[in-house]
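Structure data follow from coords-v3.tsv (TSV, N, CA and C atoms):
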```tsv
chain	number	residue	atom	x	y	z
A	286	MET	N	-18.36	42.01	77.39
A	286	MET	CA	-18.89	41.58	78.67
A	286	MET	C	-17.90	40.63	79.33
A	287	ASP	N	-17.83	40.72	80.62
A	287	ASP	CA	-16.94	39.87	81.41
A	287	ASP	C	-17.79	38.81	82.12
A	288	ILE	N	-18.09	37.72	81.41
A	288	ILE	CA	-18.89	36.64	81.98
A	288	ILE	C	-17.96	35.46	82.24
A	289	ARG	N	-18.05	34.90	83.46
A	289	ARG	CA	-17.18	33.80	83.87
A	289	ARG	C	-18.00	32.59	84.28
A	290	ILE	N	-17.44	31.41	84.09
A	290	ILE	CA	-18.07	30.21	84.60
A	290	ILE	C	-17.79	30.14	86.09
A	291	ARG	N	-18.84	30.01	86.88
A	291	ARG	CA	-18.69	29.88	88.33
A	291	ARG	C	-18.82	28.42	88.73
A	292	ALA	N	-19.81	27.71	88.18
A	292	ALA	CA	-19.99	26.30	88.54
A	292	ALA	C	-20.86	25.61	87.50
A	293	SER	N	-20.65	24.33	87.36
A	293	SER	CA	-21.57	23.52	86.59
A	293	SER	C	-22.09	22.42	87.51
A	294	PHE	N	-23.31	21.99	87.26
A	294	PHE	CA	-24.00	21.05	88.13
A	294	PHE	C	-24.15	19.72	87.41
A	295	LEU	N	-23.64	18.66	88.02
A	295	LEU	CA	-23.73	17.33	87.44
A	295	LEU	C	-24.50	16.42	88.39
A	296	PRO	N	-25.39	15.60	87.85
A	296	PRO	CA	-26.15	14.70	88.72
A	296	PRO	C	-25.30	13.52	89.18
A	297	HIS	N	-25.64	13.00	90.34
A	297	HIS	CA	-25.04	11.75	90.83
A	297	HIS	C	-26.14	10.84	91.34
A	298	ASP	N	-25.89	9.55	91.28
A	298	ASP	CA	-26.81	8.60	91.90
A	298	ASP	C	-26.11	7.83	93.01
A	299	ASP	N	-24.81	8.10	93.18
A	299	ASP	CA	-24.03	7.49	94.26
A	299	ASP	C	-22.99	8.53	94.70
A	300	PRO	N	-23.29	9.30	95.75
A	300	PRO	CA	-22.39	10.38	96.14
A	300	PRO	C	-20.98	9.89	96.50
A	301	GLU	N	-20.86	8.75	97.12
A	301	GLU	CA	-19.54	8.25	97.50
A	301	GLU	C	-18.70	7.91	96.27
A	302	ALA	N	-19.31	7.27	95.28
A	302	ALA	CA	-18.59	6.94	94.05
A	302	ALA	C	-18.18	8.22	93.31
A	303	SER	N	-19.09	9.19	93.24
A	303	SER	CA	-18.77	10.45	92.57
A	303	SER	C	-17.65	11.18	93.30
A	304	LEU	N	-17.75	11.24	94.63
A	304	LEU	CA	-16.71	11.89	95.42
A	304	LEU	C	-15.37	11.20	95.20
A	305	ALA	N	-15.34	9.88	95.23
A	305	ALA	CA	-14.09	9.15	95.04
A	305	ALA	C	-13.49	9.45	93.67
A	306	PHE	N	-14.32	9.54	92.63
A	306	PHE	CA	-13.81	9.84	91.30
A	306	PHE	C	-13.20	11.23	91.23
A	307	TYR	N	-13.95	12.24	91.63
A	307	TYR	CA	-13.46	13.62	91.50
A	307	TYR	C	-12.31	13.92	92.45
A	308	ARG	N	-12.35	13.37	93.65
A	308	ARG	CA	-11.29	13.62	94.63
A	308	ARG	C	-10.07	12.73	94.37
A	309	ASP	N	-10.29	11.42	94.27
A	309	ASP	CA	-9.18	10.49	94.23
A	309	ASP	C	-8.62	10.25	92.84
A	310	VAL	N	-9.45	10.28	91.82
A	310	VAL	CA	-8.99	10.05	90.46
A	310	VAL	C	-8.51	11.35	89.82
A	311	LEU	N	-9.34	12.41	89.90
A	311	LEU	CA	-8.97	13.69	89.28
A	311	LEU	C	-8.14	14.59	90.18
A	312	GLY	N	-8.10	14.30	91.48
A	312	GLY	CA	-7.31	15.11	92.41
A	312	GLY	C	-7.97	16.41	92.82
A	313	PHE	N	-9.29	16.52	92.63
A	313	PHE	CA	-9.99	17.74	93.03
A	313	PHE	C	-10.11	17.80	94.55
A	314	GLU	N	-10.20	19.02	95.07
A	314	GLU	CA	-10.45	19.22	96.49
A	314	GLU	C	-11.95	19.36	96.72
A	315	VAL	N	-12.38	18.98	97.92
A	315	VAL	CA	-13.77	19.13	98.30
A	315	VAL	C	-13.94	20.54	98.85
A	316	ARG	N	-14.82	21.32	98.25
A	316	ARG	CA	-15.07	22.70	98.67
A	316	ARG	C	-16.34	22.83	99.49
A	317	GLY	N	-17.18	21.82	99.45
A	317	GLY	CA	-18.41	21.82	100.22
A	317	GLY	C	-19.05	20.44	100.14
A	318	ASP	N	-19.72	20.07	101.21
A	318	ASP	CA	-20.40	18.77	101.25
A	318	ASP	C	-21.57	18.91	102.21
A	319	VAL	N	-22.77	19.00	101.67
A	319	VAL	CA	-23.97	19.18	102.50
A	319	VAL	C	-25.00	18.11	102.17
A	320	GLY	N	-25.81	17.80	103.14
A	320	GLY	CA	-26.84	16.79	102.98
A	320	GLY	C	-26.38	15.44	103.48
A	321	ARG	N	-27.26	14.45	103.31
A	321	ARG	CA	-26.96	13.09	103.77
A	321	ARG	C	-27.41	12.07	102.74
A	322	GLY	N	-26.78	10.90	102.78
A	322	GLY	CA	-27.17	9.80	101.91
A	322	GLY	C	-27.17	10.23	100.45
A	323	GLY	N	-28.20	9.80	99.73
A	323	GLY	CA	-28.31	10.14	98.32
A	323	GLY	C	-28.67	11.58	98.06
A	324	MET	N	-28.98	12.35	99.11
A	324	MET	CA	-29.35	13.76	98.95
A	324	MET	C	-28.17	14.71	99.15
A	325	ARG	N	-26.96	14.17	99.12
A	325	ARG	CA	-25.77	15.02	99.28
A	325	ARG	C	-25.51	15.87	98.06
A	326	ARG	N	-25.05	17.08	98.33
A	326	ARG	CA	-24.62	18.02	97.30
A	326	ARG	C	-23.16	18.32	97.61
A	327	ILE	N	-22.26	17.90	96.73
A	327	ILE	CA	-20.82	17.97	96.96
A	327	ILE	C	-20.20	18.92	95.94
A	328	THR	N	-19.47	19.91	96.41
A	328	THR	CA	-18.81	20.86	95.52
A	328	THR	C	-17.33	20.55	95.49
A	329	VAL	N	-16.78	20.37	94.29
A	329	VAL	CA	-15.37	20.04	94.12
A	329	VAL	C	-14.75	20.96	93.08
A	330	GLY	N	-13.43	21.04	93.09
A	330	GLY	CA	-12.72	21.83	92.10
A	330	GLY	C	-11.24	21.55	92.16
A	331	PRO	N	-10.48	22.05	91.19
A	331	PRO	CA	-9.04	21.81	91.18
A	331	PRO	C	-8.39	22.24	92.51
A	332	ALA	N	-7.56	21.37	93.04
A	332	ALA	CA	-6.93	21.62	94.34
A	332	ALA	C	-6.04	22.86	94.30
A	333	GLY	N	-6.19	23.68	95.33
A	333	GLY	CA	-5.33	24.85	95.49
A	333	GLY	C	-5.61	26.00	94.54
A	334	ARG	N	-6.68	25.94	93.80
A	334	ARG	CA	-7.00	27.01	92.85
A	334	ARG	C	-8.40	27.56	93.11
A	335	ALA	N	-8.50	28.85	93.12
A	335	ALA	CA	-9.83	29.47	93.15
A	335	ALA	C	-10.40	29.38	91.74
A	336	GLY	N	-11.67	29.45	91.64
A	336	GLY	CA	-12.25	29.45	90.31
A	336	GLY	C	-13.44	28.54	90.21
A	337	PRO	N	-13.77	28.13	89.00
A	337	PRO	CA	-14.97	27.34	88.78
A	337	PRO	C	-15.00	26.05	89.59
A	338	SER	N	-16.20	25.64	89.94
A	338	SER	CA	-16.43	24.41	90.70
A	338	SER	C	-17.38	23.51	89.93
A	339	VAL	N	-17.36	22.24	90.31
A	339	VAL	CA	-18.34	21.28	89.84
A	339	VAL	C	-19.18	20.92	91.05
A	340	VAL	N	-20.50	21.06	90.92
A	340	VAL	CA	-21.41	20.71	92.01
A	340	VAL	C	-22.08	19.39	91.65
A	341	LEU	N	-21.78	18.37	92.44
A	341	LEU	CA	-22.37	17.05	92.25
A	341	LEU	C	-23.64	17.02	93.08
A	342	ARG	N	-24.78	16.83	92.43
A	342	ARG	CA	-26.04	16.90	93.15
A	342	ARG	C	-26.89	15.68	92.82
A	343	PRO	N	-27.89	15.40	93.64
A	343	PRO	CA	-28.74	14.23	93.39
A	343	PRO	C	-29.34	14.27	91.99
A	344	ALA	N	-29.43	13.10	91.38
A	344	ALA	CA	-30.02	12.99	90.05
A	344	ALA	C	-31.48	13.43	90.10
A	345	GLY	N	-31.98	13.85	88.97
A	345	GLY	CA	-33.38	14.22	88.87
A	345	GLY	C	-33.61	15.71	88.75
A	346	GLY	N	-32.65	16.54	89.09
A	346	GLY	CA	-32.82	17.98	88.95
A	346	GLY	C	-32.54	18.41	87.52
A	347	ASP	N	-32.93	19.61	87.21
A	347	ASP	CA	-32.66	20.16	85.89
A	347	ASP	C	-31.19	20.51	85.75
A	348	PRO	N	-30.60	20.31	84.55
A	348	PRO	CA	-29.22	20.74	84.32
A	348	PRO	C	-29.12	22.26	84.50
A	349	GLU	N	-27.99	22.71	84.99
A	349	GLU	CA	-27.83	24.14	85.24
A	349	GLU	C	-26.37	24.52	85.09
A	350	LEU	N	-26.14	25.68	84.52
A	350	LEU	CA	-24.81	26.27	84.42
A	350	LEU	C	-24.86	27.57	85.19
A	351	LEU	N	-23.90	27.78	86.07
A	351	LEU	CA	-23.85	28.98	86.89
A	351	LEU	C	-22.72	29.86	86.39
A	352	LEU	N	-23.07	31.06	85.96
A	352	LEU	CA	-22.11	32.04	85.48
A	352	LEU	C	-22.07	33.21	86.46
A	353	ALA	N	-21.06	34.06	86.33
A	353	ALA	CA	-20.96	35.25	87.17
A	353	ALA	C	-20.42	36.39	86.31
A	354	ALA	N	-20.88	37.60	86.64
A	354	ALA	CA	-20.45	38.78	85.89
A	354	ALA	C	-20.62	40.02	86.73
A	355	PRO	N	-19.71	40.99	86.59
A	355	PRO	CA	-19.96	42.29	87.21
A	355	PRO	C	-21.03	42.99	86.37
A	356	GLY	N	-21.77	43.88	86.97
A	356	GLY	CA	-22.78	44.62	86.21
A	356	GLY	C	-23.90	43.72	85.72
A	357	LEU	N	-24.55	43.04	86.64
A	357	LEU	CA	-25.61	42.10	86.28
A	357	LEU	C	-26.71	42.75	85.44
A	358	ASP	N	-27.07	43.98	85.74
A	358	ASP	CA	-28.14	44.64	84.99
A	358	ASP	C	-27.79	44.79	83.51
A	359	ALA	N	-26.55	45.13	83.22
A	359	ALA	CA	-26.13	45.26	81.82
A	359	ALA	C	-26.15	43.91	81.11
A	360	VAL	N	-25.73	42.86	81.79
A	360	VAL	CA	-25.77	41.51	81.23
A	360	VAL	C	-27.22	41.11	80.96
A	361	PHE	N	-28.09	41.38	81.92
A	361	PHE	CA	-29.51	41.06	81.75
A	361	PHE	C	-30.10	41.80	80.55
A	362	GLU	N	-29.81	43.08	80.44
A	362	GLU	CA	-30.34	43.88	79.32
A	362	GLU	C	-29.89	43.30	77.99
A	363	TRP	N	-28.64	42.87	77.90
A	363	TRP	CA	-28.11	42.33	76.66
A	363	TRP	C	-28.74	40.98	76.34
A	364	LEU	N	-28.92	40.13	77.35
A	364	LEU	CA	-29.43	38.77	77.13
A	364	LEU	C	-30.95	38.68	76.96
A	365	GLN	N	-31.68	39.61	77.54
A	365	GLN	CA	-33.14	39.44	77.55
A	365	GLN	C	-33.76	39.42	76.16
A	366	SER	N	-33.15	40.04	75.18
A	366	SER	CA	-33.70	39.99	73.82
A	366	SER	C	-33.11	38.82	73.02
A	367	ARG	N	-32.19	38.08	73.63
A	367	ARG	CA	-31.52	36.99	72.92
A	367	ARG	C	-31.79	35.60	73.50
A	368	ALA	N	-32.39	35.54	74.67
A	368	ALA	CA	-32.65	34.26	75.33
A	368	ALA	C	-33.96	34.36	76.10
A	369	GLU	N	-34.54	33.20	76.42
A	369	GLU	CA	-35.78	33.18	77.17
A	369	GLU	C	-35.51	33.44	78.65
A	370	VAL	N	-36.07	34.53	79.18
A	370	VAL	CA	-35.89	34.91	80.58
A	370	VAL	C	-36.79	34.03	81.45
A	371	ILE	N	-36.23	33.45	82.50
A	371	ILE	CA	-37.06	32.74	83.47
A	371	ILE	C	-37.01	33.41	84.85
A	372	GLN	N	-36.09	34.35	85.01
A	372	GLN	CA	-36.06	35.13	86.26
A	372	GLN	C	-35.29	36.43	86.02
A	373	GLU	N	-35.94	37.55	86.27
A	373	GLU	CA	-35.27	38.84	86.19
A	373	GLU	C	-34.32	38.98	87.38
A	374	PRO	N	-33.39	39.94	87.33
A	374	PRO	CA	-32.45	40.11	88.45
A	374	PRO	C	-33.19	40.36	89.77
A	375	ILE	N	-32.86	39.54	90.78
A	375	ILE	CA	-33.41	39.71	92.13
A	375	ILE	C	-32.35	39.37	93.16
A	376	GLU	N	-32.54	39.91	94.35
A	376	GLU	CA	-31.70	39.57	95.49
A	376	GLU	C	-32.25	38.29	96.10
A	377	GLN	N	-31.44	37.24	96.13
A	377	GLN	CA	-31.86	35.96	96.68
A	377	GLN	C	-31.77	35.98	98.21
A	378	PRO	N	-32.53	35.13	98.90
A	378	PRO	CA	-32.50	35.10	100.37
A	378	PRO	C	-31.12	34.73	100.94
A	379	TYR	N	-30.30	34.06	100.13
A	379	TYR	CA	-28.96	33.67	100.59
A	379	TYR	C	-27.91	34.74	100.29
A	380	GLY	N	-28.36	35.93	99.88
A	380	GLY	CA	-27.46	37.08	99.74
A	380	GLY	C	-26.84	37.28	98.37
A	381	MET	N	-27.24	36.55	97.38
A	381	MET	CA	-26.68	36.67	96.04
A	381	MET	C	-27.74	37.27	95.12
A	382	ARG	N	-27.35	38.20	94.28
A	382	ARG	CA	-28.26	38.78	93.29
A	382	ARG	C	-28.01	38.06	91.98
A	383	ASP	N	-29.08	37.58	91.33
A	383	ASP	CA	-28.91	36.85	90.09
A	383	ASP	C	-30.14	36.93	89.20
A	384	CYS	N	-29.99	36.40	87.98
A	384	CYS	CA	-31.08	36.27	87.03
A	384	CYS	C	-30.91	34.92	86.34
A	385	ALA	N	-31.91	34.50	85.56
A	385	ALA	CA	-31.81	33.19	84.91
A	385	ALA	C	-32.47	33.21	83.54
A	386	PHE	N	-31.91	32.40	82.64
A	386	PHE	CA	-32.36	32.26	81.27
A	386	PHE	C	-32.38	30.78	80.91
A	387	LEU	N	-32.98	30.46	79.77
A	387	LEU	CA	-32.90	29.11	79.22
A	387	LEU	C	-32.06	29.14	77.96
A	388	ASP	N	-31.23	28.11	77.77
A	388	ASP	CA	-30.53	27.98	76.49
A	388	ASP	C	-31.48	27.31	75.50
A	389	PRO	N	-31.09	27.17	74.23
A	389	PRO	CA	-32.01	26.60	73.23
A	389	PRO	C	-32.49	25.18	73.56
A	390	ALA	N	-31.73	24.43	74.37
A	390	ALA	CA	-32.12	23.06	74.73
A	390	ALA	C	-32.97	23.03	76.00
A	391	GLY	N	-33.24	24.20	76.59
A	391	GLY	CA	-34.05	24.26	77.80
A	391	GLY	C	-33.27	24.14	79.09
A	392	ASN	N	-31.94	24.20	79.02
A	392	ASN	CA	-31.12	24.16	80.22
A	392	ASN	C	-31.09	25.53	80.89
A	393	THR	N	-31.11	25.53	82.22
A	393	THR	CA	-31.09	26.78	82.96
A	393	THR	C	-29.67	27.34	83.00
A	394	ILE	N	-29.56	28.62	82.69
A	394	ILE	CA	-28.30	29.36	82.84
A	394	ILE	C	-28.59	30.48	83.83
A	395	ARG	N	-27.94	30.40	84.97
A	395	ARG	CA	-28.11	31.40	86.03
A	395	ARG	C	-26.87	32.28	86.03
A	396	VAL	N	-27.08	33.61	86.10
A	396	VAL	CA	-25.97	34.57	86.11
A	396	VAL	C	-26.01	35.30	87.46
A	397	GLN	N	-24.93	35.15	88.24
A	397	GLN	CA	-24.82	35.84	89.53
A	397	GLN	C	-23.97	37.09	89.36
A	398	GLU	N	-24.27	38.09	90.18
A	398	GLU	CA	-23.51	39.33	90.14
A	398	GLU	C	-22.22	39.18	90.92
A	399	LEU	N	-21.10	39.48	90.28
A	399	LEU	CA	-19.81	39.47	90.99
A	399	LEU	C	-19.75	40.70	91.89
A	400	ARG	N	-19.37	40.48	93.12
A	400	ARG	CA	-19.26	41.60	94.07
A	400	ARG	C	-17.86	41.71	94.57
```
Write out the structure in this file as structure tokens.
Amino acid sequence: MDIRIRASFLPHDDPEASLAFYRDVLGFEVRGDVGRGGMRRITVGPAGRAGPSVVLRPAGGDPELLLAAPGLDAVFEWLQSRAEVIQEPIEQPYGMRDCAFLDPAGNTIRVQELR
């Protein structure tokens, strides 16, 4: 199976401090910045490179790992007997088809279909 990491989600309680760390200390580029105040969701990643991102989001949400794979149905079939399904493959309103599972610790793992 060709499963790739697309993004990981980390909580923040101070978006400006988090942004300064990832941008100014690690040298990541800002790929997205939506919301206001403490409700900002900031996407960062290595400068000049396509690939996985880190999504800094307000504290309090559930941890989540976002994966991507071609042939989502085959991935779902393989995983459904090995992990707890929390969402079968569906087309999301934002145009992405995905499914979701829980890891043994109860963390959400969402798998998006590569197109």
Discussion item. Let's see if you can do this: from backbone DSSP, list all helix (DSSP H, G or I) residues in chain A, as a list in words.
Written reply: Pro300, Glu301, Ala302, Ser303, Leu304, Ala305, Phe306, Tyr307, Arg308, Asp309, Val310, Gly322, Gly323, Met324, Leu357, Asp358, Ala359, Val360, Phe361, Glu362, Trp363, Leu364 and Gln365 of chain A
Worksheet, complete the sentence: Of A:Leu352, A:Cys384, A:Ala344, A:Val310, the one sitting nearest Met324 in chain A when using all atoms listed in the file is A:Ala344
Discussion item. At a cut-off of 7 Å, using all atoms listed in the file, what residues contact Pro355 in chain A? Leave out same-chain residues fewer than 3 positions from it and give the result as number ranges by chain.
Written reply: A: 287-288, 358-360, 397-400
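For the pair CA of Gly333 in chain A and atom N of Arg308 in chain A, the interatomic distance is 13.6 Å.
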Emit as JSON the padded axis-aligned box for all listed atoms of range 291-302 of chain A, 5 Å per side, with centre and edge lengths in Å to one decimal.
```
{"center_x": -22.5, "center_y": 18.5, "center_z": 92.0, "size_x": 18.6, "size_y": 33.1, "size_z": 20.9}
```
Worksheet entry | His297 in chain A environment, 8 Å, all atoms listed in the file, sequence neighbours closer than 2 positions dropped, as a list in words |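 Once the adjacent positions are removed, what remains is Phe294, Leu295, Asp299, Pro300, Ser303, Gly323, Val340, Leu341, Arg342, Pro343, Ala344, Gly345 and Gly346 of chain A.
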Practice prompt. Step by step: start from the point (-26.2, 27.1, 84.8) in the file's coordinates, keep every protein, DNA or RNA residue that has an atom no farther than 7 Å from it, count only C-alpha atoms, and write the set as a list in words.
Written response: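 Neighbouring residues, ordered by chain and number, come to Ser293, Glu349, Leu350, Leu351, Leu352, Thr393, Ile394 and Arg395 of chain A.
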Item to complete: Pull the strand (DSSP E) assignments for range 319-378 of chain A out of DSSP run on the backbone, and list those residues as a count of residues only.
Response: 27
Practice prompt. Would you mind listing what lies within 6 Å of Gly330 in chain A as a list in words, with only N, CA and C atoms counted and same-chain residues fewer than 4 positions away left out?
Written response: Phe313, Glu314, Val315, Arg316, Pro337, Ser338 and Val339 of chain A
Atoms to include: N, CA and C atoms. Write the selected residues as an mmCIF file, in the coordinates of the input.
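As a result, again-v4.cif now contains:
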```cif
data_model
loop_
_atom_site.group_PDB
_atom_site.id
_atom_site.type_symbol
_atom_site.label_atom_id
_atom_site.label_comp_id
_atom_site.auth_asym_id
_atom_site.auth_seq_id
_atom_site.Cartn_x
_atom_site.Cartn_y
_atom_site.Cartn_z
ATOM 1 N N PHE A 313 -9.290 16.520 92.630
ATOM 2 C CA PHE A 313 -9.990 17.740 93.030
ATOM 3 C C PHE A 313 -10.110 17.800 94.550
ATOM 4 N N GLU A 314 -10.200 19.020 95.070
ATOM 5 C CA GLU A 314 -10.450 19.220 96.490
ATOM 6 C C GLU A 314 -11.950 19.360 96.720
ATOM 7 N N VAL A 315 -12.380 18.980 97.920
ATOM 8 C CA VAL A 315 -13.770 19.130 98.300
ATOM 9 C C VAL A 315 -13.940 20.540 98.850
ATOM 10 N N ARG A 316 -14.820 21.320 98.250
ATOM 11 C CA ARG A 316 -15.070 22.700 98.670
ATOM 12 C C ARG A 316 -16.340 22.830 99.490
ATOM 13 N N PRO A 337 -13.770 28.130 89.000
ATOM 14 C CA PRO A 337 -14.970 27.340 88.780
ATOM 15 C C PRO A 337 -15.000 26.050 89.590
ATOM 16 N N SER A 338 -16.200 25.640 89.940
ATOM 17 C CA SER A 338 -16.430 24.410 90.700
ATOM 18 C C SER A 338 -17.380 23.510 89.930
ATOM 19 N N VAL A 339 -17.360 22.240 90.310
ATOM 20 C CA VAL A 339 -18.340 21.280 89.840
ATOM 21 C C VAL A 339 -19.180 20.920 91.050
#
```
Discussion item. Between A:Val396, A:Asp347, A:Gly336, A:Ala354, which residue has the minimum interatomic distance to Val370 in chain A, considering only C-alpha atoms?
Written reply: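 Counting only C-alpha atoms, the residue closest to Val370 in chain A is A:Val396.
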